[in-house]
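Colleague: Got a structure for you, final_1.cif, holding mmCIF, C-alpha atoms.
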```cif
data_upload
#
loop_
_atom_site.group_PDB
_atom_site.id
_atom_site.type_symbol
_atom_site.label_atom_id
_atom_site.label_comp_id
_atom_site.auth_asym_id
_atom_site.auth_seq_id
_atom_site.Cartn_x
_atom_site.Cartn_y
_atom_site.Cartn_z
ATOM 1 C CA MET A 1 21.949 -36.648 -173.366
ATOM 2 C CA LEU A 2 23.643 -36.738 -169.972
ATOM 3 C CA LEU A 3 26.894 -34.796 -169.688
ATOM 4 C CA LEU A 4 29.457 -35.655 -167.019
ATOM 5 C CA HIS A 5 31.938 -32.895 -166.235
ATOM 6 C CA HIS A 6 35.087 -34.705 -165.163
ATOM 7 C CA LEU A 7 38.206 -33.221 -163.596
ATOM 8 C CA GLU A 8 41.169 -35.458 -164.387
ATOM 9 C CA ASN A 9 42.285 -37.698 -161.545
ATOM 10 C CA SER A 10 39.197 -37.023 -159.440
ATOM 11 C CA ARG A 11 36.096 -38.618 -157.975
ATOM 12 C CA SER A 12 34.140 -38.725 -161.223
ATOM 13 C CA GLN A 13 34.788 -42.438 -161.769
ATOM 14 C CA ARG A 14 32.032 -43.156 -159.237
ATOM 15 C CA ILE A 15 29.461 -41.412 -161.402
ATOM 16 C CA ALA A 16 30.753 -42.949 -164.621
ATOM 17 C CA TRP A 17 30.473 -46.358 -162.955
ATOM 18 C CA ALA A 18 26.821 -45.720 -162.068
ATOM 19 C CA LEU A 19 26.072 -44.520 -165.595
ATOM 20 C CA GLU A 20 27.652 -47.670 -167.009
ATOM 21 C CA VAL A 21 25.634 -49.872 -164.643
ATOM 22 C CA LEU A 22 22.421 -48.203 -165.812
ATOM 23 C CA LYS A 23 23.493 -48.500 -169.474
ATOM 24 C CA LEU A 24 22.820 -44.809 -170.029
ATOM 25 C CA GLU A 25 24.264 -42.836 -172.904
ATOM 26 C CA TYR A 26 26.444 -40.010 -171.682
ATOM 27 C CA GLU A 27 29.204 -37.705 -172.780
ATOM 28 C CA VAL A 28 32.273 -36.789 -170.757
ATOM 29 C CA LYS A 29 33.842 -33.340 -170.753
ATOM 30 C CA VAL A 30 37.350 -33.567 -169.329
ATOM 31 C CA TYR A 31 39.038 -30.706 -167.472
ATOM 32 C CA GLN A 32 42.796 -30.741 -166.968
ATOM 33 C CA ARG A 33 44.243 -29.797 -163.613
ATOM 34 C CA THR A 34 46.447 -26.724 -163.317
ATOM 35 C CA SER A 35 50.158 -26.941 -162.572
ATOM 36 C CA GLY A 36 49.198 -26.734 -158.892
ATOM 37 C CA ASN A 37 46.870 -29.750 -159.232
ATOM 38 C CA THR A 38 43.786 -27.583 -158.759
ATOM 39 C CA ALA A 39 40.669 -27.356 -160.904
ATOM 40 C CA PRO A 40 40.724 -24.832 -163.769
ATOM 41 C CA GLU A 41 38.621 -21.681 -163.647
ATOM 42 C CA SER A 42 36.525 -23.014 -166.531
ATOM 43 C CA LEU A 43 34.813 -25.442 -164.148
ATOM 44 C CA LYS A 44 33.286 -22.464 -162.342
ATOM 45 C CA ARG A 45 31.230 -21.790 -165.443
ATOM 46 C CA VAL A 46 29.578 -25.151 -164.794
ATOM 47 C CA HIS A 47 29.260 -24.865 -161.008
ATOM 48 C CA PRO A 48 30.122 -21.809 -158.862
ATOM 49 C CA LEU A 49 32.534 -23.764 -156.648
ATOM 50 C CA GLY A 50 34.388 -25.255 -159.583
ATOM 51 C CA HIS A 51 34.000 -28.761 -158.207
ATOM 52 C CA ALA A 52 33.740 -32.059 -160.070
ATOM 53 C CA PRO A 53 31.976 -34.294 -160.742
ATOM 54 C CA VAL A 54 29.012 -32.370 -162.075
ATOM 55 C CA LEU A 55 26.238 -34.039 -164.040
ATOM 56 C CA GLN A 56 24.012 -32.168 -166.464
ATOM 57 C CA ASP A 57 20.686 -33.620 -167.555
ATOM 58 C CA GLU A 58 19.156 -31.192 -170.040
ATOM 59 C CA GLU A 59 18.663 -27.970 -168.009
ATOM 60 C CA LEU A 60 19.396 -29.603 -164.652
ATOM 61 C CA THR A 61 22.887 -29.332 -163.155
ATOM 62 C CA ILE A 62 23.783 -31.492 -160.159
ATOM 63 C CA ALA A 63 26.982 -31.443 -158.102
ATOM 64 C CA GLU A 64 28.219 -33.657 -155.236
ATOM 65 C CA SER A 65 28.746 -37.354 -155.863
ATOM 66 C CA GLY A 66 26.165 -38.542 -153.349
ATOM 67 C CA ALA A 67 23.497 -36.214 -154.695
ATOM 68 C CA ILE A 68 24.244 -37.307 -158.269
ATOM 69 C CA LEU A 69 24.021 -40.986 -157.344
ATOM 70 C CA GLU A 70 20.719 -40.397 -155.569
ATOM 71 C CA PHE A 71 19.401 -38.501 -158.603
ATOM 72 C CA LEU A 72 20.334 -41.360 -160.902
ATOM 73 C CA ALA A 73 18.657 -43.831 -158.543
ATOM 74 C CA ASP A 74 15.497 -41.693 -158.455
ATOM 75 C CA GLU A 75 15.239 -40.977 -162.161
ATOM 76 C CA TYR A 76 16.844 -43.845 -164.055
ATOM 77 C CA ASP A 77 17.223 -46.903 -161.834
ATOM 78 C CA THR A 78 14.121 -48.888 -162.774
ATOM 79 C CA SER A 79 15.580 -52.215 -161.612
ATOM 80 C CA ASN A 80 17.090 -51.103 -158.267
ATOM 81 C CA GLN A 81 20.700 -51.601 -159.312
ATOM 82 C CA LEU A 82 21.921 -48.523 -157.442
ATOM 83 C CA ARG A 83 19.706 -48.428 -154.379
ATOM 84 C CA PRO A 84 18.402 -51.532 -152.565
ATOM 85 C CA VAL A 85 14.765 -51.826 -151.554
ATOM 86 C CA ASP A 86 15.225 -54.145 -148.573
ATOM 87 C CA LYS A 87 14.835 -52.090 -145.382
ATOM 88 C CA ILE A 88 18.024 -53.284 -143.695
ATOM 89 C CA ALA A 89 20.084 -53.033 -146.891
ATOM 90 C CA LEU A 90 18.687 -49.550 -147.517
ATOM 91 C CA ARG A 91 19.791 -48.454 -144.057
ATOM 92 C CA LYS A 92 23.312 -49.712 -144.762
ATOM 93 C CA TYR A 93 23.251 -48.041 -148.172
ATOM 94 C CA ARG A 94 22.456 -44.657 -146.659
ATOM 95 C CA TYR A 95 25.070 -45.044 -143.958
ATOM 96 C CA TRP A 96 27.954 -45.882 -146.300
ATOM 97 C CA LEU A 97 26.829 -43.363 -148.911
ATOM 98 C CA HIS A 98 27.307 -40.603 -146.322
ATOM 99 C CA PHE A 99 30.227 -42.224 -144.504
ATOM 100 C CA ALA A 100 32.422 -41.991 -147.602
ATOM 101 C CA GLU A 101 32.339 -38.194 -147.737
ATOM 102 C CA GLY A 102 31.494 -37.440 -144.104
ATOM 103 C CA SER A 103 34.008 -39.578 -142.176
ATOM 104 C CA PHE A 104 36.502 -40.942 -144.698
ATOM 105 C CA MET A 105 37.286 -38.294 -147.307
ATOM 106 C CA PRO A 106 38.065 -35.351 -144.964
ATOM 107 C CA LEU A 107 40.846 -37.369 -143.320
ATOM 108 C CA LEU A 108 42.134 -38.620 -146.647
ATOM 109 C CA VAL A 109 42.213 -35.120 -148.116
ATOM 110 C CA MET A 110 44.076 -33.879 -145.038
ATOM 111 C CA MET A 111 46.667 -36.607 -145.477
ATOM 112 C CA LEU A 112 47.128 -35.819 -149.168
ATOM 113 C CA VAL A 113 47.527 -32.108 -148.370
ATOM 114 C CA PHE A 114 50.081 -32.664 -145.610
ATOM 115 C CA ARG A 115 52.012 -35.068 -147.846
ATOM 116 C CA LYS A 116 52.059 -32.419 -150.561
ATOM 117 C CA ILE A 117 53.144 -29.411 -148.485
ATOM 118 C CA PRO A 118 56.845 -30.410 -148.128
ATOM 119 C CA THR A 119 57.119 -30.835 -151.910
ATOM 120 C CA GLN A 120 56.159 -27.215 -152.571
ATOM 121 C CA PRO A 121 58.742 -24.493 -153.346
ATOM 122 C CA MET A 122 60.164 -22.989 -150.146
ATOM 123 C CA PRO A 123 63.545 -21.873 -148.755
ATOM 124 C CA PHE A 124 65.843 -24.885 -148.399
ATOM 125 C CA PHE A 125 66.231 -24.369 -144.657
ATOM 126 C CA VAL A 126 62.457 -24.419 -144.157
ATOM 127 C CA LYS A 127 61.829 -27.657 -146.071
ATOM 128 C CA PRO A 128 63.092 -30.098 -143.377
ATOM 129 C CA ILE A 129 61.080 -28.254 -140.730
ATOM 130 C CA ALA A 130 57.943 -28.347 -142.872
ATOM 131 C CA LYS A 131 58.469 -32.030 -143.625
ATOM 132 C CA SER A 132 58.954 -32.860 -139.956
ATOM 133 C CA LEU A 133 55.854 -30.944 -138.871
ATOM 134 C CA CYS A 134 53.710 -32.454 -141.623
ATOM 135 C CA ASN A 135 54.886 -35.964 -140.785
ATOM 136 C CA LYS A 136 54.034 -35.392 -137.130
ATOM 137 C CA VAL A 137 50.508 -34.294 -138.034
ATOM 138 C CA ILE A 138 50.076 -37.318 -140.298
ATOM 139 C CA ASP A 139 51.512 -39.798 -137.789
ATOM 140 C CA SER A 140 49.909 -38.457 -134.614
ATOM 141 C CA PHE A 141 46.539 -37.170 -135.827
ATOM 142 C CA ILE A 142 45.525 -38.269 -139.318
ATOM 143 C CA MET A 143 46.743 -41.868 -139.573
ATOM 144 C CA PRO A 144 45.312 -43.071 -136.230
ATOM 145 C CA ARG A 145 41.899 -41.826 -137.314
ATOM 146 C CA LEU A 146 42.252 -43.308 -140.782
ATOM 147 C CA GLU A 147 43.227 -46.617 -139.199
ATOM 148 C CA ASP A 148 40.008 -46.512 -137.164
ATOM 149 C CA VAL A 149 38.056 -45.875 -140.366
ATOM 150 C CA LEU A 150 39.780 -48.720 -142.195
ATOM 151 C CA ALA A 151 39.260 -51.091 -139.269
ATOM 152 C CA LEU A 152 35.535 -50.322 -139.353
ATOM 153 C CA VAL A 153 35.353 -50.902 -143.108
ATOM 154 C CA GLU A 154 37.401 -54.097 -142.819
ATOM 155 C CA LYS A 155 35.077 -55.453 -140.132
ATOM 156 C CA HIS A 156 32.037 -54.757 -142.311
ATOM 157 C CA LEU A 157 33.557 -56.396 -145.375
ATOM 158 C CA GLN A 158 34.629 -59.429 -143.371
ATOM 159 C CA ALA A 159 30.944 -60.197 -142.905
ATOM 160 C CA ASN A 160 29.562 -58.753 -146.146
ATOM 161 C CA GLU A 161 30.512 -59.084 -149.794
ATOM 162 C CA TRP A 162 29.138 -55.615 -150.555
ATOM 163 C CA PHE A 163 28.487 -52.483 -148.538
ATOM 164 C CA ALA A 164 24.680 -52.678 -148.688
ATOM 165 C CA GLY A 165 22.828 -55.932 -149.130
ATOM 166 C CA GLU A 166 23.602 -58.900 -151.332
ATOM 167 C CA ALA A 167 24.539 -56.994 -154.485
ATOM 168 C CA ARG A 168 26.599 -54.079 -155.726
ATOM 169 C CA SER A 169 24.983 -50.689 -155.107
ATOM 170 C CA ALA A 170 25.772 -46.988 -155.229
ATOM 171 C CA ALA A 171 27.166 -47.377 -151.707
ATOM 172 C CA ASP A 172 29.990 -49.431 -153.229
ATOM 173 C CA MET A 173 30.468 -46.813 -155.922
ATOM 174 C CA GLN A 174 30.665 -44.053 -153.326
ATOM 175 C CA MET A 175 33.116 -45.988 -151.153
ATOM 176 C CA SER A 176 35.286 -46.980 -154.107
ATOM 177 C CA PHE A 177 37.058 -43.650 -154.417
ATOM 178 C CA PRO A 178 38.357 -43.236 -150.847
ATOM 179 C CA LEU A 179 39.436 -46.877 -150.679
ATOM 180 C CA LEU A 180 41.229 -46.746 -154.024
ATOM 181 C CA ALA A 181 42.811 -43.424 -153.066
ATOM 182 C CA MET A 182 43.909 -44.814 -149.702
ATOM 183 C CA ARG A 183 45.419 -47.843 -151.374
ATOM 184 C CA SER A 184 47.412 -45.595 -153.704
ATOM 185 C CA VAL A 185 49.192 -43.860 -150.813
ATOM 186 C CA SER A 186 49.434 -46.559 -148.151
ATOM 187 C CA ALA A 187 49.922 -50.327 -147.918
ATOM 188 C CA MET A 188 46.696 -52.208 -147.211
ATOM 189 C CA ASP A 189 48.107 -55.656 -146.431
ATOM 190 C CA GLN A 190 46.506 -55.698 -142.996
ATOM 191 C CA TYR A 191 43.044 -55.271 -144.523
ATOM 192 C CA PRO A 192 42.456 -58.444 -146.574
ATOM 193 C CA SER A 193 38.696 -57.980 -146.830
ATOM 194 C CA ILE A 194 39.143 -54.501 -148.280
ATOM 195 C CA GLU A 195 41.698 -55.907 -150.724
ATOM 196 C CA ARG A 196 39.245 -58.635 -151.728
ATOM 197 C CA TRP A 197 36.534 -56.040 -152.324
ATOM 198 C CA LEU A 198 38.889 -53.844 -154.372
ATOM 199 C CA GLN A 199 39.838 -56.797 -156.544
ATOM 200 C CA THR A 200 36.153 -57.600 -157.028
ATOM 201 C CA ILE A 201 35.207 -54.134 -158.241
ATOM 202 C CA ARG A 202 38.205 -53.962 -160.566
ATOM 203 C CA LYS A 203 36.918 -57.100 -162.271
ATOM 204 C CA ASP A 204 33.457 -55.562 -162.681
ATOM 205 C CA SER A 205 32.898 -54.897 -166.395
ATOM 206 C CA ASP A 206 30.896 -51.720 -165.753
ATOM 207 C CA TYR A 207 33.657 -50.393 -163.519
ATOM 208 C CA GLN A 208 36.222 -51.200 -166.203
ATOM 209 C CA HIS A 209 34.193 -49.319 -168.810
ATOM 210 C CA ALA A 210 33.960 -46.333 -166.458
ATOM 211 C CA VAL A 211 37.729 -46.313 -165.991
ATOM 212 C CA GLU A 212 38.141 -46.398 -169.768
ATOM 213 C CA ARG A 213 36.021 -43.246 -169.981
ATOM 214 C CA VAL A 214 37.456 -41.193 -167.110
ATOM 215 C CA GLY A 215 40.539 -43.001 -165.800
ATOM 216 C CA GLU A 216 41.311 -44.222 -162.292
ATOM 217 C CA PHE A 217 42.558 -42.104 -159.410
ATOM 218 C CA LYS A 218 46.305 -41.801 -158.931
ATOM 219 C CA ALA A 219 47.801 -40.094 -155.902
ATOM 220 C CA PHE A 220 49.270 -36.668 -156.557
#
```
Can I see the file as structure tokens?
Modeller:
Amino acid sequence: MLLLHHLENSRSQRIAWALEVLKLEYEVKVYQRTSGNTAPESLKRVHPLGHAPVLQDEELTIAESGAILEFLADEYDTSNQLRPVDKIALRKYRYWLHFAEGSFMPLLVMMLVFRKIPTQPMPFFVKPIAKSLCNKVIDSFIMPRLEDVLALVEKHLQANEWFAGEARSAADMQMSFPLLAMRSVSAMDQYPSIERWLQTIRKDSDYQHAVERVGEFKAF
């Protein structure tokens, strides 16, 4: 039996979505965040870094969303539902699979952190200074780069229904989290193709089942 270790309000929905697509039986172990929105120490008994998602398959423990998706494609995807076989589609699949965590998520995490800092306990006279500095970092450094990322994604989705090839793949699953997270903290009206894609995945029955199991991301 596959066991998905899921930290509430985290990236695990991507893995649950893949498991639902493959019609695999799996259990979910849910970990609640601490009062500081961090992972509990108990997750470190599963993986030394205390990260989620983590997938256990018998004695094998795998962390990192991309690595888990690749493992599922290697071991369980007998009908190529996660990874395309067409050479051009496969190239796109690999690009977007790595783009999600390599180019998109670091900026998104930075934005979430800098949005959170001014809400933390601090002397009242420091709070406006902290808020001003954080807003300057977001406005002058983070958002321009995120806008470049979103423009690139929008351009791709203008010409393509999915991220890799003619059908849904693990590239879409990997990209779902940063796009859903971005949408939860910023208006996306200027990106109609991204909005169309988000509406499409939300109507996907396997995605809906995954959300029922692990929930959907909500901004902190």
Colleague: Name the residues that the PyMOL selection byres ((chain A and resi 63-69) around 9) picks from the file above, as a tab-separated table (two decimals) with C-alpha atoms, in the coordinates of the input, using the file's chain letters and numbers.
Modeller:
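Output saved as selection33.tsv:
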```tsv
chain	number	residue	atom	x	y	z
A	11	ARG	CA	36.10	-38.62	-157.98
A	12	SER	CA	34.14	-38.72	-161.22
A	14	ARG	CA	32.03	-43.16	-159.24
A	15	ILE	CA	29.46	-41.41	-161.40
A	18	ALA	CA	26.82	-45.72	-162.07
A	47	HIS	CA	29.26	-24.86	-161.01
A	51	HIS	CA	34.00	-28.76	-158.21
A	52	ALA	CA	33.74	-32.06	-160.07
A	53	PRO	CA	31.98	-34.29	-160.74
A	54	VAL	CA	29.01	-32.37	-162.07
A	55	LEU	CA	26.24	-34.04	-164.04
A	56	GLN	CA	24.01	-32.17	-166.46
A	61	THR	CA	22.89	-29.33	-163.16
A	62	ILE	CA	23.78	-31.49	-160.16
A	70	GLU	CA	20.72	-40.40	-155.57
A	71	PHE	CA	19.40	-38.50	-158.60
A	72	LEU	CA	20.33	-41.36	-160.90
A	73	ALA	CA	18.66	-43.83	-158.54
A	74	ASP	CA	15.50	-41.69	-158.46
A	82	LEU	CA	21.92	-48.52	-157.44
A	97	LEU	CA	26.83	-43.36	-148.91
A	98	HIS	CA	27.31	-40.60	-146.32
A	101	GLU	CA	32.34	-38.19	-147.74
A	170	ALA	CA	25.77	-46.99	-155.23
A	173	MET	CA	30.47	-46.81	-155.92
A	174	GLN	CA	30.66	-44.05	-153.33
```
Colleague: Kindly resolve the PyMOL selection byres ((chain A and resi 194) around 10) on the present coordinates and return the residues as a PyMOL selection string.
Modeller: chain A and resi 150-151+153-158+161+179-180+183+188-193+195-200
Colleague: For the PyMOL selection byres ((chain A and resi 211) around 10), applied here, can you spell out every residue it catches as a ChimeraX atom specification?
Modeller: /A:12-14,16-17,202,205-210,212-217
Colleague: Given the choices A:Leu43, A:Val137, A:Leu7, A:Met1, which gets closest to Tyr26 (chain A) if the distance is worked out from only C-alpha atoms?
Modeller: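 Closest candidate: A:Met1.
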Colleague: Find the distance between CA of Val21 (chain A) and CA of Leu3 (chain A) and write it in Å to one decimal.
Modeller: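 Atom-to-atom, CA of Val21 (chain A) and CA of Leu3 (chain A) are spaced 15.9 Å apart.
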Colleague: Using all atoms listed in the file, which of A:Ala171, A:Ala159, A:Phe124, A:Pro178 sits nearest Pro106 (chain A)?
Modeller: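 Closest to Pro106 (chain A) of all the choices is A:Pro178.
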Colleague: Suppose you want the space between CA of Ala164 (chain A) and CA of Pro84 (chain A); what is it in Å?
Modeller: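 Result for CA of Ala164 (chain A) versus CA of Pro84 (chain A): 7.5 Å, one decimal.
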Colleague: Measure the distance from CA of Gly165 (chain A) to CA of Leu24 (chain A) in Å and round it to one decimal.
Modeller: 23.7 Å
Colleague: Could you check the closest approach to Asp86 (chain A) for each of A:Asn37, A:Leu19, A:Ser10, A:Glu166 and tell me which residue wins, using only C-alpha atoms?
Modeller: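 Ranking A:Asn37, A:Leu19, A:Ser10, A:Glu166 by distance to Asp86 (chain A), first place goes to A:Glu166.
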Colleague: Using only C-alpha atoms for the distances, tell me which of A:Leu90, A:Met143, A:Leu4, A:Leu22 is nearest to Thr78 (chain A).
Modeller: A:Leu22
Colleague: Determine the nearest neighbour of Leu107 (chain A) from the options A:Glu27, A:Phe141, A:Phe125, A:His6, counting all atoms listed in the file.
Modeller: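 The closest residue to Leu107 (chain A) is A:Phe141.
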Colleague: Padding 6 Å on each side, edges along x, y and z: where is the centre of the box around the listed atoms of region 98-117 of chain A, and how long are its edges in Å to one decimal? Output it as AutoDock Vina command-line options.
Modeller:
```
--center_x 40.2 --center_y -35.8 --center_z -146.4 --size_x 37.8 --size_y 24.8 --size_z 20.4
```
Colleague: Considering all atoms listed in the file, can you say which of A:Ile117, A:Ile142, A:Ala100, A:Val109 comes closest to Ile129 (chain A)?
Modeller: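 Using all atoms listed in the file, the shortest distance to Ile129 (chain A) belongs to A:Ile117.
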